[in-house]
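Engineer: For reference, the file upload14.pdb (PDB, C-alpha atoms) is included below:
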```
MODEL        1
ATOM      1  CA  MET A   1     120.289 180.545 -33.790  1.00  0.00           C
ATOM      2  CA  PRO A   2     116.664 181.603 -33.361  1.00  0.00           C
ATOM      3  CA  PRO A   3     114.352 179.263 -31.444  1.00  0.00           C
ATOM      4  CA  THR A   4     112.922 176.316 -33.343  1.00  0.00           C
ATOM      5  CA  LEU A   5     110.067 173.952 -32.617  1.00  0.00           C
ATOM      6  CA  ALA A   6     112.689 171.302 -31.841  1.00  0.00           C
ATOM      7  CA  SER A   7     114.320 173.510 -29.206  1.00  0.00           C
ATOM      8  CA  LEU A   8     110.931 174.062 -27.569  1.00  0.00           C
ATOM      9  CA  VAL A   9     110.176 170.334 -27.587  1.00  0.00           C
ATOM     10  CA  ASN A  10     113.568 169.722 -25.973  1.00  0.00           C
ATOM     11  CA  HIS A  11     112.924 172.409 -23.339  1.00  0.00           C
ATOM     12  CA  SER A  12     112.655 170.270 -20.205  1.00  0.00           C
ATOM     13  CA  ALA A  13     110.348 172.664 -18.347  1.00  0.00           C
ATOM     14  CA  LEU A  14     107.665 172.784 -21.054  1.00  0.00           C
ATOM     15  CA  LYS A  15     106.937 169.040 -21.339  1.00  0.00           C
ATOM     16  CA  LEU A  16     105.643 169.324 -24.902  1.00  0.00           C
ATOM     17  CA  THR A  17     104.728 166.207 -26.891  1.00  0.00           C
ATOM     18  CA  VAL A  18     104.893 166.011 -30.695  1.00  0.00           C
ATOM     19  CA  ARG A  19     101.659 164.597 -32.102  1.00  0.00           C
ATOM     20  CA  ALA A  20     102.200 165.362 -35.825  1.00  0.00           C
ATOM     21  CA  GLY A  21     104.730 166.933 -38.188  1.00  0.00           C
ATOM     22  CA  GLU A  22     107.815 165.321 -36.644  1.00  0.00           C
ATOM     23  CA  ASP A  23     109.810 166.001 -39.822  1.00  0.00           C
ATOM     24  CA  HIS A  24     109.276 169.767 -39.673  1.00  0.00           C
ATOM     25  CA  LEU A  25     110.525 170.654 -36.210  1.00  0.00           C
ATOM     26  CA  ASP A  26     113.670 172.415 -37.400  1.00  0.00           C
ATOM     27  CA  VAL A  27     111.799 175.500 -38.602  1.00  0.00           C
ATOM     28  CA  PRO A  28     112.487 178.769 -36.750  1.00  0.00           C
ATOM     29  CA  VAL A  29     109.775 180.321 -34.585  1.00  0.00           C
ATOM     30  CA  ARG A  30     109.381 184.095 -34.826  1.00  0.00           C
ATOM     31  CA  TRP A  31     106.804 184.305 -32.044  1.00  0.00           C
ATOM     32  CA  ALA A  32     104.298 182.347 -29.966  1.00  0.00           C
ATOM     33  CA  HIS A  33     100.754 183.655 -30.301  1.00  0.00           C
ATOM     34  CA  VAL A  34      97.563 182.672 -28.455  1.00  0.00           C
ATOM     35  CA  SER A  35      94.273 182.898 -30.349  1.00  0.00           C
ATOM     36  CA  GLU A  36      90.935 181.150 -29.860  1.00  0.00           C
ATOM     37  CA  LEU A  37      89.433 182.701 -32.984  1.00  0.00           C
ATOM     38  CA  ALA A  38      87.861 180.289 -35.424  1.00  0.00           C
ATOM     39  CA  ASP A  39      89.920 182.038 -38.114  1.00  0.00           C
ATOM     40  CA  PRO A  40      93.056 183.727 -36.704  1.00  0.00           C
ATOM     41  CA  VAL A  41      94.681 183.989 -40.143  1.00  0.00           C
ATOM     42  CA  PRO A  42      94.057 187.763 -40.583  1.00  0.00           C
ATOM     43  CA  TYR A  43      96.199 188.360 -37.496  1.00  0.00           C
ATOM     44  CA  MET A  44      99.119 186.134 -38.497  1.00  0.00           C
ATOM     45  CA  GLU A  45     102.323 187.401 -40.094  1.00  0.00           C
ATOM     46  CA  GLY A  46     103.996 184.040 -40.675  1.00  0.00           C
ATOM     47  CA  GLY A  47     106.479 182.113 -38.566  1.00  0.00           C
ATOM     48  CA  GLU A  48     104.251 181.868 -35.482  1.00  0.00           C
ATOM     49  CA  LEU A  49     103.634 178.972 -33.125  1.00  0.00           C
ATOM     50  CA  LEU A  50      99.887 179.252 -32.584  1.00  0.00           C
ATOM     51  CA  LEU A  51      98.614 178.173 -29.155  1.00  0.00           C
ATOM     52  CA  ILE A  52      94.977 177.111 -28.736  1.00  0.00           C
ATOM     53  CA  THR A  53      92.567 175.288 -26.430  1.00  0.00           C
ATOM     54  CA  ALA A  54      89.888 174.963 -29.174  1.00  0.00           C
ATOM     55  CA  LEU A  55      87.480 177.062 -27.153  1.00  0.00           C
ATOM     56  CA  LYS A  56      85.562 178.071 -30.292  1.00  0.00           C
ATOM     57  CA  LEU A  57      86.406 175.113 -32.504  1.00  0.00           C
ATOM     58  CA  ASP A  58      84.856 171.720 -32.985  1.00  0.00           C
ATOM     59  CA  ALA A  59      88.195 169.942 -32.911  1.00  0.00           C
ATOM     60  CA  GLU A  60      86.534 166.571 -33.477  1.00  0.00           C
ATOM     61  CA  ASP A  61      85.025 167.612 -36.800  1.00  0.00           C
ATOM     62  CA  ARG A  62      87.429 166.244 -39.406  1.00  0.00           C
ATOM     63  CA  GLU A  63      86.359 168.498 -42.261  1.00  0.00           C
ATOM     64  CA  ALA A  64      86.411 171.595 -40.061  1.00  0.00           C
ATOM     65  CA  MET A  65      89.908 170.706 -38.827  1.00  0.00           C
ATOM     66  CA  ARG A  66      91.181 170.158 -42.365  1.00  0.00           C
ATOM     67  CA  ARG A  67      89.943 173.598 -43.370  1.00  0.00           C
ATOM     68  CA  TYR A  68      91.327 175.189 -40.188  1.00  0.00           C
ATOM     69  CA  VAL A  69      94.784 173.643 -40.489  1.00  0.00           C
ATOM     70  CA  ARG A  70      94.949 174.359 -44.215  1.00  0.00           C
ATOM     71  CA  ARG A  71      94.307 178.064 -43.522  1.00  0.00           C
ATOM     72  CA  LEU A  72      97.033 178.134 -40.887  1.00  0.00           C
ATOM     73  CA  VAL A  73      99.567 176.582 -43.224  1.00  0.00           C
ATOM     74  CA  GLY A  74      98.592 179.046 -45.946  1.00  0.00           C
ATOM     75  CA  ALA A  75      99.224 181.923 -43.524  1.00  0.00           C
ATOM     76  CA  GLY A  76     102.738 180.679 -42.719  1.00  0.00           C
ATOM     77  CA  VAL A  77     102.051 179.366 -39.213  1.00  0.00           C
ATOM     78  CA  VAL A  78     104.921 176.979 -38.427  1.00  0.00           C
ATOM     79  CA  GLY A  79     103.381 175.030 -35.571  1.00  0.00           C
ATOM     80  CA  LEU A  80     100.246 174.483 -33.522  1.00  0.00           C
ATOM     81  CA  GLY A  81     100.265 174.020 -29.763  1.00  0.00           C
ATOM     82  CA  PHE A  82      97.146 172.337 -28.372  1.00  0.00           C
ATOM     83  CA  ALA A  83      96.432 172.450 -24.635  1.00  0.00           C
ATOM     84  CA  VAL A  84      94.858 169.295 -23.210  1.00  0.00           C
ATOM     85  CA  GLY A  85      92.890 169.211 -19.985  1.00  0.00           C
ATOM     86  CA  VAL A  86      91.062 172.452 -20.734  1.00  0.00           C
ATOM     87  CA  ASN A  87      88.321 171.920 -23.329  1.00  0.00           C
ATOM     88  CA  TYR A  88      89.516 168.476 -24.410  1.00  0.00           C
ATOM     89  CA  ASP A  89      91.096 165.839 -22.207  1.00  0.00           C
ATOM     90  CA  GLU A  90      93.118 164.551 -25.159  1.00  0.00           C
ATOM     91  CA  THR A  91      94.195 165.984 -28.480  1.00  0.00           C
ATOM     92  CA  PRO A  92      91.369 165.096 -30.913  1.00  0.00           C
ATOM     93  CA  GLU A  93      92.369 162.650 -33.618  1.00  0.00           C
ATOM     94  CA  ALA A  94      90.655 164.832 -36.209  1.00  0.00           C
ATOM     95  CA  LEU A  95      93.154 167.604 -35.448  1.00  0.00           C
ATOM     96  CA  VAL A  96      96.082 165.181 -35.363  1.00  0.00           C
ATOM     97  CA  ASP A  97      95.151 163.771 -38.761  1.00  0.00           C
ATOM     98  CA  ALA A  98      94.646 167.219 -40.293  1.00  0.00           C
ATOM     99  CA  CYS A  99      98.055 168.411 -39.104  1.00  0.00           C
ATOM    100  CA  ALA A 100      99.715 165.209 -40.297  1.00  0.00           C
ATOM    101  CA  GLN A 101      98.090 165.579 -43.708  1.00  0.00           C
ATOM    102  CA  GLU A 102      99.225 169.193 -44.105  1.00  0.00           C
ATOM    103  CA  GLY A 103     102.677 168.641 -42.553  1.00  0.00           C
ATOM    104  CA  LEU A 104     101.999 171.121 -39.741  1.00  0.00           C
ATOM    105  CA  PRO A 105     103.777 170.249 -36.480  1.00  0.00           C
ATOM    106  CA  LEU A 106     101.286 169.692 -33.671  1.00  0.00           C
ATOM    107  CA  LEU A 107     102.586 170.009 -30.113  1.00  0.00           C
ATOM    108  CA  GLU A 108     100.479 168.772 -27.235  1.00  0.00           C
ATOM    109  CA  VAL A 109     100.686 171.111 -24.258  1.00  0.00           C
ATOM    110  CA  PRO A 110     100.013 169.511 -20.849  1.00  0.00           C
ATOM    111  CA  ARG A 111      97.598 171.145 -18.415  1.00  0.00           C
ATOM    112  CA  ARG A 112     100.392 172.117 -16.065  1.00  0.00           C
ATOM    113  CA  THR A 113     102.246 174.117 -18.751  1.00  0.00           C
ATOM    114  CA  PRO A 114     100.689 177.586 -19.173  1.00  0.00           C
ATOM    115  CA  PHE A 115     100.851 179.223 -22.578  1.00  0.00           C
ATOM    116  CA  LEU A 116     102.714 182.070 -20.918  1.00  0.00           C
ATOM    117  CA  ALA A 117     105.618 179.737 -20.174  1.00  0.00           C
ATOM    118  CA  ILE A 118     105.914 178.882 -23.879  1.00  0.00           C
ATOM    119  CA  SER A 119     105.737 182.551 -24.877  1.00  0.00           C
ATOM    120  CA  LYS A 120     108.454 183.405 -22.354  1.00  0.00           C
ATOM    121  CA  ALA A 121     110.668 180.593 -23.646  1.00  0.00           C
ATOM    122  CA  VAL A 122     110.335 181.838 -27.236  1.00  0.00           C
ATOM    123  CA  SER A 123     110.932 185.447 -26.207  1.00  0.00           C
ATOM    124  CA  ALA A 124     114.024 184.546 -24.153  1.00  0.00           C
ATOM    125  CA  ALA A 125     115.500 182.516 -27.009  1.00  0.00           C
ATOM    126  CA  ILE A 126     114.918 185.349 -29.509  1.00  0.00           C
ATOM    127  CA  ALA A 127     116.523 187.863 -27.136  1.00  0.00           C
ATOM    128  CA  ALA A 128     119.529 185.575 -26.616  1.00  0.00           C
ATOM    129  CA  ASP A 129     119.959 185.144 -30.360  1.00  0.00           C
ATOM    130  CA  GLN A 130     119.824 188.910 -30.919  1.00  0.00           C
ATOM    131  CA  TYR A 131     122.364 189.453 -28.142  1.00  0.00           C
ATOM    132  CA  ARG A 132     124.739 186.929 -29.732  1.00  0.00           C
ATOM    133  CA  ALA A 133     124.401 188.675 -33.101  1.00  0.00           C
ATOM    134  CA  VAL A 134     125.156 192.097 -31.595  1.00  0.00           C
ATOM    135  CA  THR A 135     128.084 190.725 -29.594  1.00  0.00           C
ATOM    136  CA  ALA A 136     129.518 189.017 -32.673  1.00  0.00           C
ATOM    137  CA  GLY A 137     129.167 192.257 -34.640  1.00  0.00           C
ATOM    138  CA  PHE A 138     131.093 194.243 -32.035  1.00  0.00           C
ATOM    139  CA  ALA A 139     133.788 191.559 -31.878  1.00  0.00           C
ATOM    140  CA  ALA A 140     134.170 191.586 -35.662  1.00  0.00           C
ATOM    141  CA  GLN A 141     134.388 195.379 -35.690  1.00  0.00           C
ATOM    142  CA  ARG A 142     137.112 195.355 -33.040  1.00  0.00           C
ATOM    143  CA  GLU A 143     139.111 192.733 -34.923  1.00  0.00           C
ATOM    144  CA  LEU A 144     138.867 194.585 -38.240  1.00  0.00           C
ATOM    145  CA  THR A 145     139.901 197.856 -36.598  1.00  0.00           C
ATOM    146  CA  LYS A 146     142.834 196.145 -34.901  1.00  0.00           C
ATOM    147  CA  GLN A 147     144.037 194.623 -38.162  1.00  0.00           C
ATOM    148  CA  ALA A 148     143.595 197.865 -40.085  1.00  0.00           C
ATOM    149  CA  LEU A 149     145.703 199.783 -37.564  1.00  0.00           C
ATOM    150  CA  GLY A 150     148.384 197.180 -36.976  1.00  0.00           C
ATOM    151  CA  ALA A 151     148.707 194.756 -39.882  1.00  0.00           C
ATOM    152  CA  GLY A 152     147.867 196.809 -42.950  1.00  0.00           C
ATOM    153  CA  PRO A 153     145.767 195.699 -45.938  1.00  0.00           C
ATOM    154  CA  GLU A 154     146.863 192.057 -45.767  1.00  0.00           C
ATOM    155  CA  GLY A 155     145.842 191.669 -42.139  1.00  0.00           C
ATOM    156  CA  LEU A 156     142.570 193.529 -42.674  1.00  0.00           C
ATOM    157  CA  LEU A 157     141.635 191.402 -45.685  1.00  0.00           C
ATOM    158  CA  GLY A 158     142.551 188.233 -43.815  1.00  0.00           C
ATOM    159  CA  ALA A 159     140.271 189.179 -40.936  1.00  0.00           C
ATOM    160  CA  LEU A 160     137.482 190.187 -43.332  1.00  0.00           C
ATOM    161  CA  ALA A 161     137.727 186.912 -45.260  1.00  0.00           C
ATOM    162  CA  THR A 162     137.483 185.017 -41.979  1.00  0.00           C
ATOM    163  CA  GLN A 163     134.408 186.961 -40.908  1.00  0.00           C
ATOM    164  CA  VAL A 164     132.528 186.349 -44.172  1.00  0.00           C
ATOM    165  CA  ASP A 165     133.856 182.797 -44.553  1.00  0.00           C
ATOM    166  CA  GLY A 166     135.095 183.569 -48.034  1.00  0.00           C
ATOM    167  CA  TRP A 167     137.719 185.635 -49.795  1.00  0.00           C
ATOM    168  CA  ALA A 168     138.463 189.348 -49.911  1.00  0.00           C
ATOM    169  CA  ALA A 169     140.545 191.413 -52.320  1.00  0.00           C
ATOM    170  CA  LEU A 170     141.659 195.041 -52.576  1.00  0.00           C
ATOM    171  CA  TYR A 171     141.967 196.603 -56.044  1.00  0.00           C
ATOM    172  CA  ASP A 172     143.454 199.902 -57.133  1.00  0.00           C
ATOM    173  CA  ALA A 173     141.758 202.302 -59.542  1.00  0.00           C
ATOM    174  CA  SER A 174     143.098 200.421 -62.569  1.00  0.00           C
ATOM    175  CA  GLY A 175     141.668 197.116 -61.412  1.00  0.00           C
ATOM    176  CA  SER A 176     144.987 195.624 -60.334  1.00  0.00           C
ATOM    177  CA  VAL A 177     145.109 193.584 -57.145  1.00  0.00           C
ATOM    178  CA  VAL A 178     146.771 195.291 -54.189  1.00  0.00           C
ATOM    179  CA  ALA A 179     146.165 192.483 -51.689  1.00  0.00           C
ATOM    180  CA  ALA A 180     143.967 189.418 -51.335  1.00  0.00           C
ATOM    181  CA  ALA A 181     143.064 186.873 -48.673  1.00  0.00           C
ATOM    182  CA  PRO A 182     143.237 184.104 -47.710  1.00  0.00           C
ATOM    183  CA  GLU A 183     145.121 183.445 -50.940  1.00  0.00           C
ATOM    184  CA  TRP A 184     144.917 184.641 -54.488  1.00  0.00           C
ATOM    185  CA  ASP A 185     142.232 182.585 -56.258  1.00  0.00           C
ATOM    186  CA  ALA A 186     140.228 182.431 -59.444  1.00  0.00           C
ATOM    187  CA  ALA A 187     137.242 184.253 -57.991  1.00  0.00           C
ATOM    188  CA  ALA A 188     139.243 187.367 -57.206  1.00  0.00           C
ATOM    189  CA  ALA A 189     141.024 187.147 -60.567  1.00  0.00           C
ATOM    190  CA  ASP A 190     137.733 186.922 -62.439  1.00  0.00           C
ATOM    191  CA  LEU A 191     136.465 190.013 -60.667  1.00  0.00           C
ATOM    192  CA  GLY A 192     139.523 191.952 -61.793  1.00  0.00           C
ATOM    193  CA  VAL A 193     139.240 190.742 -65.387  1.00  0.00           C
ATOM    194  CA  HIS A 194     135.549 191.607 -65.683  1.00  0.00           C
ATOM    195  CA  ARG A 195     135.734 194.929 -63.902  1.00  0.00           C
ATOM    196  CA  HIS A 196     136.737 196.897 -67.007  1.00  0.00           C
ATOM    197  CA  THR A 197     134.087 195.140 -69.112  1.00  0.00           C
ATOM    198  CA  LEU A 198     131.406 195.957 -66.565  1.00  0.00           C
ATOM    199  CA  ARG A 199     132.462 199.601 -66.451  1.00  0.00           C
ATOM    200  CA  TYR A 200     132.216 199.763 -70.249  1.00  0.00           C
ATOM    201  CA  ARG A 201     128.739 198.223 -70.209  1.00  0.00           C
ATOM    202  CA  MET A 202     127.527 200.714 -67.611  1.00  0.00           C
ATOM    203  CA  ARG A 203     128.943 203.666 -69.545  1.00  0.00           C
ATOM    204  CA  ARG A 204     127.129 202.370 -72.612  1.00  0.00           C
ATOM    205  CA  VAL A 205     123.843 202.270 -70.689  1.00  0.00           C
ATOM    206  CA  GLU A 206     124.421 205.833 -69.478  1.00  0.00           C
ATOM    207  CA  GLU A 207     125.016 206.996 -73.050  1.00  0.00           C
ATOM    208  CA  ILE A 208     121.800 205.395 -74.296  1.00  0.00           C
ATOM    209  CA  LEU A 209     119.773 206.892 -71.450  1.00  0.00           C
ATOM    210  CA  GLY A 210     120.836 210.311 -72.687  1.00  0.00           C
ATOM    211  CA  ARG A 211     118.885 209.715 -75.897  1.00  0.00           C
ATOM    212  CA  SER A 212     115.138 209.722 -76.531  1.00  0.00           C
ATOM    213  CA  LEU A 213     113.420 206.499 -75.513  1.00  0.00           C
ATOM    214  CA  ASP A 214     110.537 207.282 -77.878  1.00  0.00           C
ATOM    215  CA  ASP A 215     112.632 205.738 -80.656  1.00  0.00           C
ATOM    216  CA  PRO A 216     112.023 201.942 -80.815  1.00  0.00           C
ATOM    217  CA  ASP A 217     115.618 201.366 -81.975  1.00  0.00           C
ATOM    218  CA  VAL A 218     116.933 203.204 -78.917  1.00  0.00           C
ATOM    219  CA  ARG A 219     114.710 201.141 -76.624  1.00  0.00           C
ATOM    220  CA  MET A 220     115.995 197.934 -78.209  1.00  0.00           C
ATOM    221  CA  GLU A 221     119.597 199.107 -77.883  1.00  0.00           C
ATOM    222  CA  LEU A 222     119.028 199.920 -74.208  1.00  0.00           C
ATOM    223  CA  TRP A 223     117.466 196.513 -73.558  1.00  0.00           C
ATOM    224  CA  LEU A 224     120.429 194.716 -75.134  1.00  0.00           C
ATOM    225  CA  ALA A 225     122.905 196.791 -73.130  1.00  0.00           C
ATOM    226  CA  LEU A 226     121.090 196.120 -69.852  1.00  0.00           C
ATOM    227  CA  LYS A 227     120.896 192.411 -70.640  1.00  0.00           C
ATOM    228  CA  ALA A 228     124.627 192.270 -71.329  1.00  0.00           C
ATOM    229  CA  THR A 229     125.379 194.100 -68.078  1.00  0.00           C
ATOM    230  CA  ALA A 230     123.166 191.803 -66.011  1.00  0.00           C
ATOM    231  CA  THR A 231     124.797 188.663 -67.387  1.00  0.00           C
ATOM    232  CA  GLU A 232     128.355 189.938 -67.166  1.00  0.00           C
TER     233      GLU A 232
ENDMDL
END
```
Could you render the structure as structure tokens?

Structural biologist:
Amino acid sequence: MPPTLASLVNHSALKLTVRAGEDHLDVPVRWAHVSELADPVPYMEGGELLLITALKLDAEDREAMRRYVRRLVGAGVVGLGFAVGVNYDETPEALVDACAQEGLPLLEVPRRTPFLAISKAVSAAIAADQYRAVTAGFAAQRELTKQALGAGPEGLLGALATQVDGWAALYDASGSVVAAAPEWDAAAADLGVHRHTLRYRMRRVEEILGRSLDDPDVRMELWLALKATATE
């Protein structure tokens, strides 16, 4: 899993304290970004934990903090980390209230925790998650290859169904089932039943596209055919 605000709060070395937004700590963090701009929104992509010391903000101005936090939420920022002991000895209540009102998690960062440590923690967690995804992909590929070479269609479909946590079926050109896993079920049967209908609908669309779309009747016929195909 990618890092979340909760995983950062539970990181023993960071010593972060939740001051607002306790119910929204399970959101993933795409990056940790430091910005002292009064309006960092143009440089946000969404999913960031924004780290500030309020160097250029009046963090005790309630109206200013409401506007600031509202802009961050609108830009998709998932959390705000506020360093105490730098420009403010404590996290200003105006900022706490603004974050609570907007549902934006506010993490208090102690003086002894540098922003770099938080950025490194996020980066390490993202790298670990990517490594797990790549490793799982290679493992799945090896298992599918093994089943394809040694167990035939049944073994391959069984392994594929396990990997996708669902079912898998192999059909021949006529739409008949060759093999299915983990067991034959209604979902696979429905796919086989509707396959011929779907092919007919698509052929009908292809036929209509071969005619002039300047004719209103042709356009209506095409629309009805596309609608039928989409709902099939």

Engineer: Which is closer to Glu108 (chain A) than all the others in A:Leu95, A:Ala6, A:Val84, A:Val164, using all atoms listed in the file?

Structural biologist: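 Using all atoms listed in the file, the shortest distance to Glu108 (chain A) belongs to A:Val84.
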
Engineer: Please report the interatomic distance between CA of Ser12 (chain A) and CA of Ile126 (chain A) in Å with one decimal.

Structural biologist: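 CA of Ile126 (chain A) lies 17.9 Å from CA of Ser12 (chain A).
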
Engineer: Please evaluate the PyMOL selection byres ((chain A and resi 122) around 8) against the displayed coordinates and give the resulting residues as a PyMOL selection string.

Structural biologist: chain A and resi 3+8+29-32+118-121+123-126

Engineer: CA of Gly46 (chain A) to CA of Arg112 (chain A): how many Å, to one decimal?

Structural biologist: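 So the two atoms, CA of Gly46 (chain A) and CA of Arg112 (chain A), lie 27.6 Å apart.
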
Engineer: Report as a list in words the residues that result from applying the PyMOL selection byres ((chain A and resi 181) around 7) to the structure here.

Structural biologist: Leu157, Gly158, Ala161, Trp167, Ala168, Ala169, Ala180, Pro182, Glu183 and Trp184 of chain A

Engineer: Expanded to explicit residues, what is the PyMOL selection byres ((chain A and resi 110) around 12) for this file, as a list in words?

Structural biologist: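 So the PyMOL selection byres ((chain A and resi 110) around 12) ends up selecting Ala13, Leu14, Lys15, Leu16, Thr17, Val18, Thr53, Gly81, Phe82, Ala83, Val84, Gly85, Val86, Tyr88, Asp89, Glu90, Thr91, Leu107, Glu108, Val109, Arg111, Arg112, Thr113, Pro114, Phe115, Ala117 and Ile118 of chain A.
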
Engineer: Only C-alpha atoms, please: the residues just picked out, written as a PDB file, in the coordinates of the input.

Structural biologist:
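The result, written out as again-v8.pdb:
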```pdb
ATOM      1  CA  ALA A  13     110.348 172.664 -18.347  1.00  0.00           C
ATOM      2  CA  LEU A  14     107.665 172.784 -21.054  1.00  0.00           C
ATOM      3  CA  LYS A  15     106.937 169.040 -21.339  1.00  0.00           C
ATOM      4  CA  LEU A  16     105.643 169.324 -24.902  1.00  0.00           C
ATOM      5  CA  THR A  17     104.728 166.207 -26.891  1.00  0.00           C
ATOM      6  CA  VAL A  18     104.893 166.011 -30.695  1.00  0.00           C
ATOM      7  CA  THR A  53      92.567 175.288 -26.430  1.00  0.00           C
ATOM      8  CA  GLY A  81     100.265 174.020 -29.763  1.00  0.00           C
ATOM      9  CA  PHE A  82      97.146 172.337 -28.372  1.00  0.00           C
ATOM     10  CA  ALA A  83      96.432 172.450 -24.635  1.00  0.00           C
ATOM     11  CA  VAL A  84      94.858 169.295 -23.210  1.00  0.00           C
ATOM     12  CA  GLY A  85      92.890 169.211 -19.985  1.00  0.00           C
ATOM     13  CA  VAL A  86      91.062 172.452 -20.734  1.00  0.00           C
ATOM     14  CA  TYR A  88      89.516 168.476 -24.410  1.00  0.00           C
ATOM     15  CA  ASP A  89      91.096 165.839 -22.207  1.00  0.00           C
ATOM     16  CA  GLU A  90      93.118 164.551 -25.159  1.00  0.00           C
ATOM     17  CA  THR A  91      94.195 165.984 -28.480  1.00  0.00           C
ATOM     18  CA  LEU A 107     102.586 170.009 -30.113  1.00  0.00           C
ATOM     19  CA  GLU A 108     100.479 168.772 -27.235  1.00  0.00           C
ATOM     20  CA  VAL A 109     100.686 171.111 -24.258  1.00  0.00           C
ATOM     21  CA  ARG A 111      97.598 171.145 -18.415  1.00  0.00           C
ATOM     22  CA  ARG A 112     100.392 172.117 -16.065  1.00  0.00           C
ATOM     23  CA  THR A 113     102.246 174.117 -18.751  1.00  0.00           C
ATOM     24  CA  PRO A 114     100.689 177.586 -19.173  1.00  0.00           C
ATOM     25  CA  PHE A 115     100.851 179.223 -22.578  1.00  0.00           C
ATOM     26  CA  ALA A 117     105.618 179.737 -20.174  1.00  0.00           C
ATOM     27  CA  ILE A 118     105.914 178.882 -23.879  1.00  0.00           C
TER      28      ILE A 118
END
```

Engineer: Got a sec: who's within 12 Å of Asp23 (chain A), counting all atoms listed in the file, leaving out chain neighbours fewer than 6 positions off, as a PyMOL selection string?

Structural biologist: chain A and resi 5-6+79+100+102-106

Engineer: In Å, how far is it from CA of Ala98 (chain A) to CA of Glu63 (chain A)?

Structural biologist: 8.6 Å

Engineer: From (91.5, 178.7, -38.0), in the file's coordinates, out to 9 Å: which residues are reached, counting only C-alpha atoms? Answer as a ChimeraX atom specification.

Structural biologist: /A:36-41,57,64-65,67-72

Engineer: Would you compute an axis-aligned box for region 91-98 of chain A, covering every atom listed for it in the file with 3 Å of margin on each side, and report centre and edge lengths in Å to one decimal as lines of an AutoDock Vina configuration file?

Structural biologist:
```
center_x = 93.4
center_y = 165.1
center_z = -34.4
size_x = 11.4
size_y = 11.0
size_z = 17.8
```

Engineer: Find the residue from A:Leu55, A:Met44, A:Leu50, A:Ala128 that sits nearest to Met1 (chain A); use all atoms listed in the file when measuring.

Structural biologist: A:Ala128

Engineer: I want to know what sits within 7 Å of Leu51 (chain A), based on only C-alpha atoms, with residues of the same chain fewer than 2 positions away left out; could you give that as number ranges by chain?

Structural biologist: A: 33-35, 49, 80-82

Engineer: Can you patch up region 159-169 of chain A, filling it in to N, CA, C and O atoms, and show the result as a CSV table (one decimal), in the coordinates of the input?

Structural biologist:
```csv
chain,number,residue,atom,x,y,z
A,159,ALA,N,141.3,189.2,-41.9
A,159,ALA,CA,140.3,189.2,-40.9
A,159,ALA,C,138.9,189.3,-41.6
A,159,ALA,O,137.9,188.6,-41.1
A,160,LEU,N,138.8,190.1,-42.6
A,160,LEU,CA,137.5,190.2,-43.3
A,160,LEU,C,137.1,188.9,-44.0
A,160,LEU,O,135.9,188.5,-43.9
A,161,ALA,N,138.0,188.2,-44.6
A,161,ALA,CA,137.7,186.9,-45.3
A,161,ALA,C,137.3,185.9,-44.2
A,161,ALA,O,136.4,185.1,-44.5
A,162,THR,N,137.9,185.9,-43.1
A,162,THR,CA,137.5,185.0,-42.0
A,162,THR,C,136.1,185.3,-41.5
A,162,THR,O,135.3,184.4,-41.3
A,163,GLN,N,135.7,186.6,-41.4
A,163,GLN,CA,134.4,187.0,-40.9
A,163,GLN,C,133.3,186.6,-41.9
A,163,GLN,O,132.2,186.1,-41.5
A,164,VAL,N,133.6,186.7,-43.2
A,164,VAL,CA,132.5,186.3,-44.2
A,164,VAL,C,132.6,184.9,-44.7
A,164,VAL,O,131.8,184.5,-45.5
A,165,ASP,N,133.6,184.2,-44.2
A,165,ASP,CA,133.9,182.8,-44.6
A,165,ASP,C,134.0,182.7,-46.1
A,165,ASP,O,133.4,181.9,-46.7
A,166,GLY,N,134.9,183.5,-46.6
A,166,GLY,CA,135.1,183.6,-48.0
A,166,GLY,C,136.4,184.2,-48.3
A,166,GLY,O,137.4,184.0,-47.6
A,167,TRP,N,136.5,184.9,-49.4
A,167,TRP,CA,137.7,185.6,-49.8
A,167,TRP,C,137.5,187.1,-49.9
A,167,TRP,O,136.3,187.6,-50.0
A,168,ALA,N,138.5,187.9,-49.8
A,168,ALA,CA,138.5,189.3,-49.9
A,168,ALA,C,139.7,189.8,-50.7
A,168,ALA,O,140.8,189.3,-50.6
A,169,ALA,N,139.5,190.9,-51.5
A,169,ALA,CA,140.5,191.4,-52.3
A,169,ALA,C,140.4,192.9,-52.4
A,169,ALA,O,139.3,193.5,-52.3
```
